[in-house]
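Below: work_34.cif (mmCIF, C-alpha atoms)
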```cif
data_target
loop_
_atom_site.label_atom_id
_atom_site.label_comp_id
_atom_site.auth_asym_id
_atom_site.auth_seq_id
_atom_site.Cartn_x
_atom_site.Cartn_y
_atom_site.Cartn_z
CA MET A 21 -15.77 -9.63 10.82
CA PHE A 22 -16.11 -6.37 8.86
CA TYR A 23 -18.46 -3.59 9.83
CA SER A 24 -21.21 -3.17 7.28
CA ASN A 25 -20.74 -0.12 5.13
CA PRO A 26 -23.17 1.36 2.58
CA HIS A 27 -20.35 1.69 0.06
CA GLY A 28 -18.89 -1.81 0.56
CA LEU A 29 -16.16 -3.32 2.68
CA PHE A 30 -13.37 -1.82 0.57
CA SER A 31 -14.98 1.51 -0.24
CA MET A 32 -11.59 3.28 -0.25
CA PRO A 33 -12.80 6.74 0.79
CA THR A 34 -10.50 9.71 0.32
CA LEU A 35 -8.09 10.10 3.25
CA ASP A 36 -6.09 13.18 4.16
CA THR A 37 -2.68 13.67 5.80
CA PRO A 38 -0.63 16.85 6.22
CA ARG A 39 1.19 16.36 2.88
CA LEU A 40 -0.83 13.72 1.05
CA ILE A 41 -4.25 12.79 -0.25
CA LEU A 42 -5.07 9.09 -0.54
CA ARG A 43 -7.83 8.55 -3.10
CA ARG A 44 -9.16 6.09 -5.64
CA ILE A 45 -7.12 5.73 -8.81
CA ALA A 46 -8.74 6.97 -12.05
CA MET A 47 -7.84 6.77 -15.73
CA ARG A 48 -6.52 10.35 -15.63
CA ASP A 49 -3.70 9.06 -13.37
CA ALA A 50 -2.08 6.86 -16.03
CA LYS A 51 0.62 9.42 -16.93
CA ASP A 52 1.60 9.91 -13.27
CA ILE A 53 1.55 6.15 -12.63
CA PHE A 54 3.86 5.54 -15.57
CA ALA A 55 6.23 8.32 -14.46
CA TYR A 56 7.21 6.39 -11.32
CA SER A 57 6.32 2.80 -12.28
CA ARG A 58 8.80 2.67 -15.15
CA ASP A 59 11.65 3.12 -12.65
CA GLU A 60 13.49 -0.20 -12.17
CA GLU A 61 14.47 0.81 -8.63
CA VAL A 62 10.83 1.42 -7.64
CA ALA A 63 9.88 -2.01 -9.06
CA ARG A 64 12.88 -3.82 -7.58
CA HIS A 65 11.25 -5.02 -4.34
CA VAL A 66 7.59 -5.25 -5.38
CA LEU A 67 5.87 -8.10 -7.21
CA TRP A 68 5.31 -6.16 -10.44
CA SER A 69 7.85 -5.32 -13.11
CA ALA A 70 8.78 -1.84 -14.20
CA GLN A 71 6.23 -0.62 -16.73
CA ARG A 72 7.42 -0.37 -20.33
CA ASP A 73 4.78 1.99 -21.75
CA ILE A 74 1.80 4.15 -20.85
CA GLY A 75 -0.56 1.33 -21.90
CA GLU A 76 0.55 -0.71 -18.89
CA ALA A 77 -0.26 2.21 -16.60
CA ARG A 78 -3.71 2.49 -18.18
CA ASP A 79 -4.22 -1.26 -17.71
CA TYR A 80 -3.31 -0.93 -14.03
CA ALA A 81 -5.79 1.93 -13.57
CA LYS A 82 -8.53 -0.16 -15.24
CA PHE A 83 -7.65 -3.13 -13.05
CA MET A 84 -7.91 -1.06 -9.89
CA MET A 85 -11.18 0.55 -10.96
CA ARG A 86 -12.62 -2.94 -11.56
CA ARG A 87 -11.56 -3.95 -8.05
CA TYR A 88 -13.33 -0.88 -6.63
CA ARG A 89 -16.53 -1.81 -8.49
CA ASN A 90 -16.33 -5.41 -7.26
CA ASP A 91 -15.61 -4.36 -3.65
CA GLU A 92 -12.33 -6.28 -3.61
CA PRO A 93 -9.15 -5.44 -1.68
CA SER A 94 -7.76 -2.39 -3.48
CA SER A 95 -5.21 0.39 -3.33
CA TRP A 96 -5.41 4.12 -2.91
CA GLY A 97 -3.42 6.40 -5.16
CA ILE A 98 -1.05 8.59 -3.15
CA VAL A 99 -1.27 12.20 -4.29
CA GLU A 100 1.35 14.72 -3.16
CA LYS A 101 -0.54 17.87 -2.23
CA ALA A 102 2.31 20.21 -3.20
CA SER A 103 2.43 19.03 -6.83
CA GLY A 104 -1.01 17.47 -7.27
CA ARG A 105 0.66 14.41 -8.81
CA LEU A 106 -0.10 10.78 -8.05
CA VAL A 107 3.24 9.49 -6.72
CA GLY A 108 2.52 5.98 -5.45
CA THR A 109 -0.02 3.51 -4.15
CA ILE A 110 -0.92 2.00 -0.79
CA GLY A 111 -3.65 -0.47 0.03
CA TYR A 112 -4.91 -3.91 0.84
CA MET A 113 -3.20 -6.85 -0.81
CA ASP A 114 -5.23 -9.53 0.94
CA TYR A 115 -7.66 -10.04 3.79
CA SER A 116 -9.04 -12.79 5.97
CA GLU A 117 -12.59 -12.13 7.09
CA GLU A 118 -12.65 -15.05 9.52
CA ASN A 119 -9.43 -13.88 11.19
CA GLY A 120 -10.12 -10.15 11.09
CA SER A 121 -6.83 -9.39 9.34
CA VAL A 122 -5.55 -7.56 6.27
CA GLU A 123 -2.21 -7.31 4.52
CA VAL A 124 -1.07 -3.93 3.26
CA GLY A 125 1.46 -3.08 0.59
CA TYR A 126 2.80 0.11 -0.98
CA SER A 127 5.09 1.72 -3.54
CA LEU A 128 6.37 5.28 -3.91
CA ALA A 129 8.13 7.37 -6.55
CA ARG A 130 11.87 7.32 -5.97
CA TRP A 131 12.14 11.13 -5.91
CA LEU A 132 10.15 11.10 -2.64
CA TRP A 133 12.07 8.33 -0.89
CA ASN A 134 13.51 9.15 2.55
CA GLY A 135 11.17 12.08 3.08
CA GLY A 136 8.73 10.40 5.47
CA TYR A 137 5.92 10.28 2.90
CA MET A 138 5.31 6.54 3.06
CA THR A 139 5.38 6.57 6.86
CA GLU A 140 2.73 9.29 6.75
CA ALA A 141 0.57 7.29 4.31
CA LEU A 142 0.91 3.97 6.15
CA ALA A 143 0.09 5.48 9.54
CA ARG A 144 -3.06 7.01 8.05
CA VAL A 145 -4.12 3.68 6.50
CA ILE A 146 -3.52 1.89 9.81
CA ALA A 147 -5.68 4.44 11.63
CA TYR A 148 -8.47 4.19 9.03
CA THR A 149 -8.41 0.39 9.07
CA PHE A 150 -8.72 0.11 12.84
CA ASP A 151 -11.19 3.00 13.17
CA GLU A 152 -13.55 2.11 10.30
CA MET A 153 -13.21 -1.64 9.79
CA ASP A 154 -13.64 -4.53 12.17
CA ILE A 155 -9.99 -5.53 11.81
CA ASN A 156 -7.83 -6.88 14.60
CA ARG A 157 -4.50 -7.35 12.77
CA ILE A 158 -2.71 -5.53 9.96
CA GLU A 159 0.27 -7.27 8.36
CA ALA A 160 2.97 -6.15 5.93
CA GLN A 161 6.12 -7.74 4.58
CA HIS A 162 9.29 -6.64 2.88
CA GLU A 163 12.22 -8.34 1.21
CA LEU A 164 15.22 -8.55 3.53
CA THR A 165 17.22 -6.63 0.93
CA ASN A 166 14.85 -3.66 1.42
CA PRO A 167 15.35 -2.68 5.09
CA ALA A 168 14.07 0.87 4.47
CA SER A 169 10.57 -0.56 4.12
CA GLY A 170 10.94 -2.24 7.51
CA ARG A 171 11.86 1.11 9.06
CA VAL A 172 8.63 2.59 7.67
CA MET A 173 6.64 -0.21 9.29
CA GLU A 174 8.43 0.20 12.63
CA LYS A 175 7.82 3.97 12.65
CA CYS A 176 4.10 3.20 12.26
CA GLY A 177 4.08 0.94 15.32
CA MET A 178 4.32 -2.40 13.51
CA LYS A 179 6.38 -5.13 15.15
CA ARG A 180 8.74 -7.47 13.32
CA GLU A 181 7.53 -11.01 13.91
CA GLY A 182 10.12 -12.99 12.01
CA VAL A 183 11.65 -13.98 8.71
CA LEU A 184 9.83 -16.17 6.21
CA ARG A 185 12.50 -17.92 4.15
CA GLN A 186 12.02 -17.90 0.37
CA ARG A 187 8.38 -16.91 0.83
CA LEU A 188 8.07 -15.10 -2.49
CA TYR A 189 9.28 -15.68 -6.03
CA ASN A 190 10.25 -12.28 -7.38
CA LYS A 191 12.29 -11.20 -10.40
CA GLY A 192 13.45 -14.75 -11.15
CA LYS A 193 14.42 -15.88 -7.66
CA TYR A 194 12.99 -16.91 -4.31
CA VAL A 195 13.36 -14.18 -1.71
CA ASP A 196 13.26 -14.07 2.08
CA VAL A 197 10.85 -11.59 3.64
CA ALA A 198 10.42 -10.05 7.09
CA LEU A 199 6.85 -10.13 8.41
CA TYR A 200 5.53 -7.19 10.45
CA ALA A 201 2.16 -6.70 12.13
CA ILE A 202 0.23 -4.33 14.34
CA LEU A 203 -2.77 -5.30 16.45
CA ARG A 204 -5.78 -3.18 17.29
CA SER A 205 -4.64 -3.25 20.94
CA ASP A 206 -1.10 -2.03 20.12
CA PRO A 207 -0.06 1.63 20.54
CA ARG A 208 -0.44 3.67 17.35
CA ALA A 209 2.10 6.00 15.82
CA GLU A 210 1.43 9.74 15.88
CA VAL A 211 2.56 10.31 12.28
CA GLY A 212 0.30 10.81 9.30
CA LYS A 213 -2.72 12.23 11.12
CA ALA A 214 -5.15 14.28 9.10
CA ARG A 215 -5.38 17.97 9.91
#
```
Write-out of the structure in structure tokens:
Amino acid sequence: MFYSNPHGLFSMPTLDTPRLILRRIAMRDAKDIFAYSRDEEVARHVLWSAQRDIGEARDYAKFMMRRYRNDEPSSWGIVEKASGRLVGTIGYMDYSEENGSVEVGYSLARWLWNGGYMTEALARVIAYTFDEMDINRIEAQHELTNPASGRVMEKCGMKREGVLRQRLYNKGKYVDVALYAILRSDPRAEVGKAR
């Protein structure tokens, strides 16, 4: 179901938005990754735990670089243009070739929350996915206790499709999640367009 691509299905090319650059993660990003990933609040609603030391950030960078080499679903690093710092990640958590669908996920440094940055990044990823890949459906989910993430999805044109009870086991308990999706035929948001 994917368009062929000389660099692979998940080539993760650099993407541009008015305030952000989405690019592949490299080892030089470990310090920036650790700066936001050690925050318990950032890790609260994602499936990874807050990082305890810079070694964990280096391990994550190595893991992502291995996924790039193996052409597996991967994440972009989110770089804030104003500071030049890597301040989060966004990318593909899973995909179904036979169904033409992908799941996206993201995280962002707390000091940038509520500034529209993640909406900008997600809208750009949605546009890239539909424009460059033979994908019909993009899904995302969030814990019910994290409604701000649902607002990001809605601003990007995603529709809430329902609640999946105790779908995930996270931080020692089963959690309910809301499932959102956008189809290729759905209207797209106007946020996050490259200049």
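Among the candidates A:Ser169, A:Asn90, A:Thr149, A:Thr34, the one nearest to His65 in chain A when counting only C-alpha atoms is A:Ser169.
CA of Met153 in chain A sits 22.0 Å away from CA of Lys175 in chain A.
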task = Could you give me, as a count of residues only, the residues within 6 Å of range 52-64 of chain A, counting only C-alpha atoms and dropping anything in the same chain fewer than 4 positions from it?
result = 7
Enumerate, in order of chain and increasing residue number, the residues of range 78-163 of chain A with an atom no farther than 12 Å from range 182-189 of chain A, each with its shortest atom pair and distance in Å to one decimal, counting only C-alpha atoms, as a Markdown table.
```
| residue | atom | partner | partner_atom | distance |
| --- | --- | --- | --- | --- |
| A:Glu159 | CA | A:Gly182 | CA | 12.0 |
| A:Ala160 | CA | A:Gly182 | CA | 11.6 |
| A:Gln161 | CA | A:Val183 | CA | 9.3 |
| A:His162 | CA | A:Val183 | CA | 9.7 |
| A:Glu163 | CA | A:Leu188 | CA | 8.8 |
```
task = Run the PyMOL selection byres ((chain A and resi 124) around 12) on the file and write out the hits as a PyMOL selection string.
result = chain A and resi 93-96+109-115+121-123+125-127+141-143+145-146+149+157-162+173+178+199-202
List the neighbours of range 36-45 of chain A out to 12 Å using only C-alpha atoms; skip same-chain residues closer than 5 positions along the sequence, and give me the result as a PDB file with C-alpha atoms, in the frame of the given file.
```pdb
ATOM      1  CA  PHE A  30     -13.370  -1.820   0.570  1.00  0.00           C
ATOM      2  CA  SER A  31     -14.980   1.510  -0.240  1.00  0.00           C
ATOM      3  CA  ALA A  50      -2.080   6.860 -16.030  1.00  0.00           C
ATOM      4  CA  LYS A  51       0.620   9.420 -16.930  1.00  0.00           C
ATOM      5  CA  ASP A  52       1.600   9.910 -13.270  1.00  0.00           C
ATOM      6  CA  ILE A  53       1.550   6.150 -12.630  1.00  0.00           C
ATOM      7  CA  ALA A  77      -0.260   2.210 -16.600  1.00  0.00           C
ATOM      8  CA  ARG A  78      -3.710   2.490 -18.180  1.00  0.00           C
ATOM      9  CA  ASP A  79      -4.220  -1.260 -17.710  1.00  0.00           C
ATOM     10  CA  TYR A  80      -3.310  -0.930 -14.030  1.00  0.00           C
ATOM     11  CA  ALA A  81      -5.790   1.930 -13.570  1.00  0.00           C
ATOM     12  CA  LYS A  82      -8.530  -0.160 -15.240  1.00  0.00           C
ATOM     13  CA  PHE A  83      -7.650  -3.130 -13.050  1.00  0.00           C
ATOM     14  CA  MET A  84      -7.910  -1.060  -9.890  1.00  0.00           C
ATOM     15  CA  MET A  85     -11.180   0.550 -10.960  1.00  0.00           C
ATOM     16  CA  ARG A  86     -12.620  -2.940 -11.560  1.00  0.00           C
ATOM     17  CA  ARG A  87     -11.560  -3.950  -8.050  1.00  0.00           C
ATOM     18  CA  TYR A  88     -13.330  -0.880  -6.630  1.00  0.00           C
ATOM     19  CA  ARG A  89     -16.530  -1.810  -8.490  1.00  0.00           C
ATOM     20  CA  SER A  94      -7.760  -2.390  -3.480  1.00  0.00           C
ATOM     21  CA  SER A  95      -5.210   0.390  -3.330  1.00  0.00           C
ATOM     22  CA  TRP A  96      -5.410   4.120  -2.910  1.00  0.00           C
ATOM     23  CA  GLY A  97      -3.420   6.400  -5.160  1.00  0.00           C
ATOM     24  CA  ILE A  98      -1.050   8.590  -3.150  1.00  0.00           C
ATOM     25  CA  VAL A  99      -1.270  12.200  -4.290  1.00  0.00           C
ATOM     26  CA  GLU A 100       1.350  14.720  -3.160  1.00  0.00           C
ATOM     27  CA  LYS A 101      -0.540  17.870  -2.230  1.00  0.00           C
ATOM     28  CA  ALA A 102       2.310  20.210  -3.200  1.00  0.00           C
ATOM     29  CA  SER A 103       2.430  19.030  -6.830  1.00  0.00           C
ATOM     30  CA  GLY A 104      -1.010  17.470  -7.270  1.00  0.00           C
ATOM     31  CA  ARG A 105       0.660  14.410  -8.810  1.00  0.00           C
ATOM     32  CA  LEU A 106      -0.100  10.780  -8.050  1.00  0.00           C
ATOM     33  CA  VAL A 107       3.240   9.490  -6.720  1.00  0.00           C
ATOM     34  CA  GLY A 108       2.520   5.980  -5.450  1.00  0.00           C
ATOM     35  CA  THR A 109      -0.020   3.510  -4.150  1.00  0.00           C
ATOM     36  CA  ILE A 110      -0.920   2.000  -0.790  1.00  0.00           C
ATOM     37  CA  GLY A 111      -3.650  -0.470   0.030  1.00  0.00           C
ATOM     38  CA  TYR A 126       2.800   0.110  -0.980  1.00  0.00           C
ATOM     39  CA  LEU A 132      10.150  11.100  -2.640  1.00  0.00           C
ATOM     40  CA  GLY A 135      11.170  12.080   3.080  1.00  0.00           C
ATOM     41  CA  GLY A 136       8.730  10.400   5.470  1.00  0.00           C
ATOM     42  CA  TYR A 137       5.920  10.280   2.900  1.00  0.00           C
ATOM     43  CA  MET A 138       5.310   6.540   3.060  1.00  0.00           C
ATOM     44  CA  THR A 139       5.380   6.570   6.860  1.00  0.00           C
ATOM     45  CA  GLU A 140       2.730   9.290   6.750  1.00  0.00           C
ATOM     46  CA  ALA A 141       0.570   7.290   4.310  1.00  0.00           C
ATOM     47  CA  LEU A 142       0.910   3.970   6.150  1.00  0.00           C
ATOM     48  CA  ALA A 143       0.090   5.480   9.540  1.00  0.00           C
ATOM     49  CA  ARG A 144      -3.060   7.010   8.050  1.00  0.00           C
ATOM     50  CA  VAL A 145      -4.120   3.680   6.500  1.00  0.00           C
ATOM     51  CA  ALA A 147      -5.680   4.440  11.630  1.00  0.00           C
ATOM     52  CA  TYR A 148      -8.470   4.190   9.030  1.00  0.00           C
ATOM     53  CA  GLU A 210       1.430   9.740  15.880  1.00  0.00           C
ATOM     54  CA  VAL A 211       2.560  10.310  12.280  1.00  0.00           C
ATOM     55  CA  GLY A 212       0.300  10.810   9.300  1.00  0.00           C
ATOM     56  CA  LYS A 213      -2.720  12.230  11.120  1.00  0.00           C
ATOM     57  CA  ALA A 214      -5.150  14.280   9.100  1.00  0.00           C
ATOM     58  CA  ARG A 215      -5.380  17.970   9.910  1.00  0.00           C
TER      59      ARG A 215
END
```
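Of the listed residues A:Asp73, A:Asp151, A:Asp206, A:Glu92, the one whose atoms come nearest to Cys176 in chain A is A:Asp206, with distances taken using all atoms listed in the file.
Between CA of Lys179 in chain A and CA of Gly120 in chain A lies a distance of 17.7 Å.
CA of Val66 in chain A lies 13.3 Å from CA of Pro167 in chain A.
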